[in-house]
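Asker: Data file input_25.txt (compact mmCIF, C-alpha atoms) is appended below.
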```txt
# COMPACT_ATOMS: atom_id res chain seq x y z
CA MET J 27 36.53 -2.91 -35.18
CA LEU J 28 36.02 0.72 -34.27
CA ASP J 29 38.68 2.70 -32.43
CA GLY J 30 40.52 -0.44 -31.38
CA GLU J 31 37.47 -1.92 -29.65
CA ASN J 32 37.13 -5.67 -29.54
CA PRO J 33 33.52 -6.52 -30.45
CA SER J 34 33.81 -9.89 -28.73
CA ARG J 35 34.35 -8.15 -25.37
CA VAL J 36 31.71 -6.16 -23.50
CA ALA J 37 31.64 -4.01 -20.40
CA VAL J 38 29.48 -5.25 -17.54
CA GLU J 39 28.59 -3.10 -14.54
CA CYS J 40 26.19 -4.44 -11.93
CA GLN J 41 25.60 -4.73 -8.20
CA VAL J 42 26.51 -8.16 -6.83
CA ASN J 43 25.44 -8.72 -3.24
CA GLY J 44 25.31 -4.95 -2.82
CA VAL J 45 28.82 -4.35 -4.16
CA ALA J 46 29.42 -2.54 -7.45
CA ARG J 47 31.22 -4.82 -9.90
CA SER J 48 32.54 -3.94 -13.31
CA ALA J 49 34.61 -5.81 -15.82
CA THR J 50 35.18 -6.16 -19.51
CA VAL J 51 34.43 -9.76 -20.43
CA GLN J 52 33.90 -12.00 -23.41
CA ALA J 53 30.44 -11.31 -24.85
CA ARG J 54 29.52 -14.98 -24.50
CA LEU J 55 30.53 -15.27 -20.81
CA THR J 56 27.62 -16.60 -18.76
CA LEU J 57 26.44 -14.87 -15.63
CA ALA J 58 27.41 -17.99 -13.67
CA ASP J 59 30.98 -17.82 -14.95
CA PHE J 60 31.09 -14.06 -14.33
CA LEU J 61 30.07 -14.62 -10.71
CA ARG J 62 32.50 -17.49 -10.19
CA GLU J 63 35.51 -16.37 -12.22
CA VAL J 64 35.35 -12.56 -12.20
CA CYS J 65 33.70 -11.95 -8.83
CA GLY J 66 35.21 -14.96 -7.04
CA LEU J 67 31.79 -16.03 -5.71
CA THR J 68 31.93 -19.80 -6.02
CA GLY J 69 28.70 -20.51 -4.13
CA THR J 70 26.86 -20.39 -7.44
CA HIS J 71 27.33 -23.94 -8.69
CA LEU J 72 27.25 -25.24 -12.23
CA GLY J 73 25.54 -28.60 -12.55
CA CYS J 74 23.83 -29.31 -15.83
CA GLU J 75 24.56 -25.98 -17.60
CA HIS J 76 21.17 -26.38 -19.32
CA GLY J 77 18.96 -24.68 -16.72
CA ALA J 78 17.41 -27.94 -15.55
CA CYS J 79 19.05 -28.55 -12.16
CA GLY J 80 18.75 -25.14 -10.46
CA ALA J 81 22.21 -25.28 -8.85
CA CYS J 82 23.17 -21.98 -10.50
CA SER J 83 20.08 -20.07 -9.31
CA VAL J 84 20.63 -16.45 -8.30
CA LEU J 85 18.36 -13.47 -7.82
CA LEU J 86 18.33 -10.87 -10.58
CA ASP J 87 16.52 -7.76 -9.37
CA GLY J 88 14.80 -10.03 -6.83
CA ASP J 89 13.65 -12.72 -9.27
CA VAL J 90 15.12 -16.22 -9.47
CA VAL J 91 17.08 -16.87 -12.67
CA ARG J 92 19.35 -19.63 -13.90
CA SER J 93 22.71 -17.94 -14.22
CA CYS J 94 24.01 -20.63 -16.59
CA LEU J 95 21.40 -19.56 -19.16
CA MET J 96 22.18 -15.84 -19.05
CA PHE J 97 25.04 -13.87 -20.43
CA ALA J 98 26.85 -11.63 -17.94
CA VAL J 99 26.03 -8.62 -20.11
CA GLN J 100 22.32 -9.26 -19.45
CA ALA J 101 22.99 -8.33 -15.81
CA ASN J 102 24.42 -4.97 -16.83
CA GLY J 103 22.88 -2.23 -14.66
CA ARG J 104 21.03 -4.74 -12.51
CA ARG J 105 21.17 -6.22 -8.99
CA VAL J 106 22.42 -9.78 -8.57
CA THR J 107 22.19 -11.66 -5.28
CA THR J 108 24.02 -14.94 -4.85
CA VAL J 109 23.91 -17.38 -1.95
CA GLU J 110 26.85 -15.47 -0.46
CA GLY J 111 24.56 -12.44 -0.19
CA MET J 112 21.81 -14.28 1.71
CA GLY J 113 23.34 -14.21 5.18
CA GLY J 114 24.09 -11.33 7.48
CA PRO J 115 27.11 -9.06 7.04
CA ASP J 116 28.64 -10.65 10.13
CA GLY J 117 28.44 -14.10 8.53
CA ALA J 118 25.26 -15.09 10.37
CA LEU J 119 23.06 -17.51 8.49
CA SER J 120 19.79 -16.28 7.02
CA PRO J 121 16.60 -17.89 8.38
CA VAL J 122 16.45 -20.06 5.26
CA GLN J 123 20.08 -21.17 5.62
CA GLU J 124 19.55 -21.85 9.31
CA ALA J 125 16.45 -23.94 8.56
CA PHE J 126 18.36 -25.99 5.97
CA ARG J 127 21.07 -26.62 8.57
CA SER J 128 18.75 -27.46 11.44
CA GLU J 129 16.35 -29.62 9.44
CA HIS J 130 19.02 -31.54 7.53
CA GLY J 131 17.90 -30.06 4.21
CA LEU J 132 21.29 -30.75 2.70
CA GLN J 133 23.70 -33.58 2.36
CA CYS J 134 26.56 -33.13 -0.08
CA GLY J 135 25.63 -29.43 -0.40
CA PHE J 136 26.07 -29.09 -4.15
CA CYS J 137 22.44 -28.17 -4.82
CA THR J 138 21.97 -26.22 -1.58
CA PRO J 139 22.88 -22.73 -2.86
CA GLY J 140 20.27 -22.97 -5.61
CA PHE J 141 17.65 -24.20 -3.15
CA VAL J 142 18.46 -21.43 -0.65
CA VAL J 143 18.14 -18.75 -3.33
CA THR J 144 14.88 -20.24 -4.64
CA VAL J 145 13.36 -20.61 -1.17
CA THR J 146 14.39 -17.08 -0.20
CA ALA J 147 12.54 -15.72 -3.23
CA LEU J 148 9.53 -17.94 -2.55
CA LEU J 149 9.18 -16.75 1.04
CA LYS J 150 9.60 -13.12 0.02
CA ASP J 151 6.69 -13.46 -2.40
CA ASN J 152 4.67 -15.97 -0.38
CA PRO J 153 5.50 -15.92 3.35
CA ASP J 154 2.90 -18.61 4.12
CA PRO J 155 3.23 -21.20 1.35
CA SER J 156 1.23 -24.40 1.28
CA GLU J 157 3.03 -27.69 0.68
CA THR J 158 1.82 -27.50 -2.93
CA ASP J 159 3.27 -23.98 -3.25
CA ILE J 160 6.59 -25.20 -1.85
CA ARG J 161 6.75 -28.22 -4.14
CA GLU J 162 5.89 -26.10 -7.17
CA ALA J 163 8.51 -23.47 -6.31
CA LEU J 164 11.17 -26.15 -5.85
CA SER J 165 10.23 -28.11 -8.97
CA GLY J 166 13.09 -26.53 -10.92
CA ASN J 167 15.75 -27.60 -8.42
CA LEU J 168 17.20 -31.09 -8.33
CA CYS J 169 18.84 -32.88 -5.42
CA ARG J 170 20.44 -36.29 -5.77
CA CYS J 171 21.19 -36.89 -2.08
CA THR J 172 18.48 -35.85 0.37
CA GLY J 173 15.26 -37.41 -0.86
CA TYR J 174 13.73 -33.91 -0.47
CA GLN J 175 12.01 -34.52 2.89
CA GLY J 176 14.56 -32.46 4.83
CA ILE J 177 14.36 -29.74 2.20
CA LEU J 178 10.56 -29.55 2.39
CA LYS J 179 10.71 -29.46 6.19
CA ALA J 180 13.38 -26.73 6.08
CA VAL J 181 11.16 -24.55 3.89
CA ALA J 182 8.23 -24.97 6.27
CA VAL J 183 10.45 -24.13 9.27
CA ALA J 184 11.88 -21.06 7.52
CA ALA J 185 8.36 -19.90 6.66
CA ARG J 186 7.26 -20.26 10.31
CA ALA J 187 10.39 -18.41 11.46
CA GLY J 188 9.64 -15.58 9.02
CA ARG J 189 6.07 -15.25 10.21
CA GLY J 190 7.25 -15.04 13.81
CA ALA J 191 10.03 -12.57 13.09
CA VAL J 192 9.74 -8.98 14.28
CA GLU J 193 10.13 -6.52 11.41
```
Any chance you could give the structure as structure tokens?
Answerer:
Amino acid sequence: MLDGENPSRVAVECQVNGVARSATVQARLTLADFLREVCGLTGTHLGCEHGACGACSVLLDGDVVRSCLMFAVQANGRRVTTVEGMGGPDGALSPVQEAFRSEHGLQCGFCTPGFVVTVTALLKDNPDPSETDIREALSGNLCRCTGYQGILKAVAVAARAGRGAVE
């Protein structure tokens, strides 16, 4: 150890949903645990903790990542957006969240945050996705309740809403 530093702890400074966050954490702390335990943002869910289910999906500098597979320190100096950062500042639902609600794209809700984050990124990059594009984008997210039909319909509705929105 140098100057009393603990090498198993690291400083993390990042923007989470537009808010500067900083903490000294265990070097092995995952980004998911940082968001849930340090930032108090429990919308990021932990399902498989192997990156297979997509429940822990967040945006890192605008790209979808599995927060269970990243260390918090890897987000140092970067922008993280969780499902809590998707809606409006007044608590209004985003178009994607509204589409999931209106089209019954959720049931128990456990997987929904990961789907909302993934769909938000998809529609940012591809505002007019085909059904194949949608299915491919969602292939890394698992749902055990809905049968996916409501989810697929919600993505199509959100895409139409985005195309009709005034910028």
Asker: Which neighbours of Cys171 of chain J fall inside 8 Å, counting only C-alpha atoms, when residues of the same chain fewer than 5 positions from it are skipped, and could you give them as a PyMOL selection string?
Answerer: chain J and resi 132-134
Asker: Looking at J:Arg127, J:Arg105, J:Arg35, J:Arg92, which one is nearest to Thr144 of chain J, with distances taken over only C-alpha atoms?
Answerer: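 When distances to Thr144 of chain J are compared using only C-alpha atoms, the smallest one comes from J:Arg92.
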Asker: Measuring atom to atom with all atoms listed in the file, identify which of J:Leu148, J:Leu168, J:Ile160, J:Ala125 is nearest to Gly73 of chain J.
Answerer: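 With all atoms listed in the file as the atom set, the closest residue is J:Leu168.
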Asker: Tell me, in Å to one decimal, how far atom CA of Val142 of chain J is from atom CA of Val42 of chain J.
Answerer: 16.7 Å
Asker: Hey, can you check how far atom CA of Ala78 of chain J sits from atom CA of Cys137 of chain J?
Answerer: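 Between these atoms lies a distance of 11.9 Å.
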Asker: Determine, counting all atoms listed in the file, which protein, DNA and RNA residues have an atom within 12 Å of an atom of Gln175 of chain J; residues of the same chain fewer than 2 positions away are not included. Present the result as number ranges by chain.
Answerer: J: 126, 129-133, 157, 160-161, 169, 171-173, 177-182
Asker: One decimal, in Å: what's the spacing between atom CA of Thr68 of chain J and atom CA of Asp151 of chain J?
Answerer: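 These two atoms are separated by 26.3 Å.
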Asker: If we count only C-alpha atoms, what is near Thr50 of chain J at a cut-off of 8 Å, once residues fewer than 4 positions away on the same chain are taken out, given as a list of chain:residue names?
Answerer: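 The residues satisfying every condition are J:Arg35, J:Val36, J:Ala37, J:Val38.
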Asker: Export C-alpha atoms of the chosen residues as a short mmCIF file (atom, residue, chain, number, x, y, z; two decimals), keeping the file's coordinate frame?
Answerer:
```
data_model
loop_
_atom_site.label_atom_id
_atom_site.label_comp_id
_atom_site.auth_asym_id
_atom_site.auth_seq_id
_atom_site.Cartn_x
_atom_site.Cartn_y
_atom_site.Cartn_z
CA ARG J 35 34.35 -8.15 -25.37
CA VAL J 36 31.71 -6.16 -23.50
CA ALA J 37 31.64 -4.01 -20.40
CA VAL J 38 29.48 -5.25 -17.54
#
```
Asker: Find, counting all atoms listed in the file, the residue in J:Thr56, J:Asn152, J:Thr70, J:Ser165 that gets nearest to Ala98 of chain J.
Answerer: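 Smallest separation from Ala98 of chain J among the options: J:Thr56.
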Asker: As a tab-separated table (two decimals), keeping the file's coordinate frame, please: segment 152-181 of chain J completed to N, CA and C atoms.
Answerer:
```tsv
chain	number	residue	atom	x	y	z
J	152	ASN	N	5.74	-15.20	-1.01
J	152	ASN	CA	4.67	-15.97	-0.38
J	152	ASN	C	5.14	-16.43	1.00
J	153	PRO	N	4.98	-15.58	2.03
J	153	PRO	CA	5.50	-15.92	3.35
J	153	PRO	C	4.78	-17.08	4.04
J	154	ASP	N	3.65	-17.51	3.51
J	154	ASP	CA	2.90	-18.61	4.12
J	154	ASP	C	2.52	-19.64	3.05
J	155	PRO	N	3.52	-20.28	2.45
J	155	PRO	CA	3.23	-21.20	1.35
J	155	PRO	C	2.64	-22.52	1.82
J	156	SER	N	1.75	-23.06	1.02
J	156	SER	CA	1.23	-24.40	1.28
J	156	SER	C	2.29	-25.41	0.82
J	157	GLU	N	2.09	-26.68	1.14
J	157	GLU	CA	3.03	-27.69	0.68
J	157	GLU	C	3.05	-27.73	-0.85
J	158	THR	N	1.88	-27.54	-1.47
J	158	THR	CA	1.82	-27.50	-2.93
J	158	THR	C	2.62	-26.33	-3.48
J	159	ASP	N	2.49	-25.15	-2.84
J	159	ASP	CA	3.27	-23.98	-3.25
J	159	ASP	C	4.77	-24.26	-3.16
J	160	ILE	N	5.17	-24.89	-2.06
J	160	ILE	CA	6.59	-25.20	-1.85
J	160	ILE	C	7.08	-26.16	-2.92
J	161	ARG	N	6.33	-27.23	-3.14
J	161	ARG	CA	6.75	-28.22	-4.14
J	161	ARG	C	6.83	-27.60	-5.53
J	162	GLU	N	5.87	-26.75	-5.86
J	162	GLU	CA	5.89	-26.10	-7.17
J	162	GLU	C	7.10	-25.18	-7.31
J	163	ALA	N	7.37	-24.39	-6.27
J	163	ALA	CA	8.51	-23.47	-6.31
J	163	ALA	C	9.83	-24.22	-6.45
J	164	LEU	N	9.93	-25.38	-5.83
J	164	LEU	CA	11.17	-26.15	-5.85
J	164	LEU	C	11.27	-27.10	-7.03
J	165	SER	N	10.25	-27.14	-7.87
J	165	SER	CA	10.23	-28.11	-8.97
J	165	SER	C	11.37	-27.93	-9.97
J	166	GLY	N	11.98	-26.77	-10.00
J	166	GLY	CA	13.09	-26.53	-10.92
J	166	GLY	C	14.45	-26.78	-10.31
J	167	ASN	N	14.48	-27.31	-9.09
J	167	ASN	CA	15.75	-27.60	-8.42
J	167	ASN	C	15.85	-29.10	-8.16
J	168	LEU	N	16.99	-29.65	-8.50
J	168	LEU	CA	17.20	-31.09	-8.33
J	168	LEU	C	18.21	-31.36	-7.22
J	169	CYS	N	17.93	-32.41	-6.45
J	169	CYS	CA	18.84	-32.88	-5.42
J	169	CYS	C	18.99	-34.38	-5.60
J	170	ARG	N	20.21	-34.85	-5.59
J	170	ARG	CA	20.44	-36.29	-5.77
J	170	ARG	C	20.71	-37.00	-4.45
J	171	CYS	N	20.77	-36.27	-3.33
J	171	CYS	CA	21.19	-36.89	-2.08
J	171	CYS	C	20.10	-36.99	-1.01
J	172	THR	N	19.30	-35.95	-0.84
J	172	THR	CA	18.48	-35.85	0.37
J	172	THR	C	17.17	-36.61	0.35
J	173	GLY	N	16.61	-36.85	-0.81
J	173	GLY	CA	15.26	-37.41	-0.86
J	173	GLY	C	14.20	-36.35	-0.63
J	174	TYR	N	14.60	-35.10	-0.52
J	174	TYR	CA	13.73	-33.91	-0.47
J	174	TYR	C	12.98	-33.71	0.84
J	175	GLN	N	12.82	-34.70	1.69
J	175	GLN	CA	12.01	-34.52	2.89
J	175	GLN	C	12.60	-33.45	3.81
J	176	GLY	N	13.91	-33.48	4.01
J	176	GLY	CA	14.56	-32.46	4.83
J	176	GLY	C	14.45	-31.07	4.21
J	177	ILE	N	14.49	-31.02	2.89
J	177	ILE	CA	14.36	-29.74	2.20
J	177	ILE	C	12.96	-29.17	2.41
J	178	LEU	N	11.95	-30.00	2.21
J	178	LEU	CA	10.56	-29.55	2.39
J	178	LEU	C	10.33	-29.09	3.83
J	179	LYS	N	10.86	-29.84	4.78
J	179	LYS	CA	10.71	-29.46	6.19
J	179	LYS	C	11.44	-28.15	6.47
J	180	ALA	N	12.61	-27.97	5.88
J	180	ALA	CA	13.38	-26.73	6.08
J	180	ALA	C	12.60	-25.52	5.57
J	181	VAL	N	11.93	-25.66	4.44
J	181	VAL	CA	11.16	-24.55	3.89
J	181	VAL	C	10.01	-24.20	4.83
```
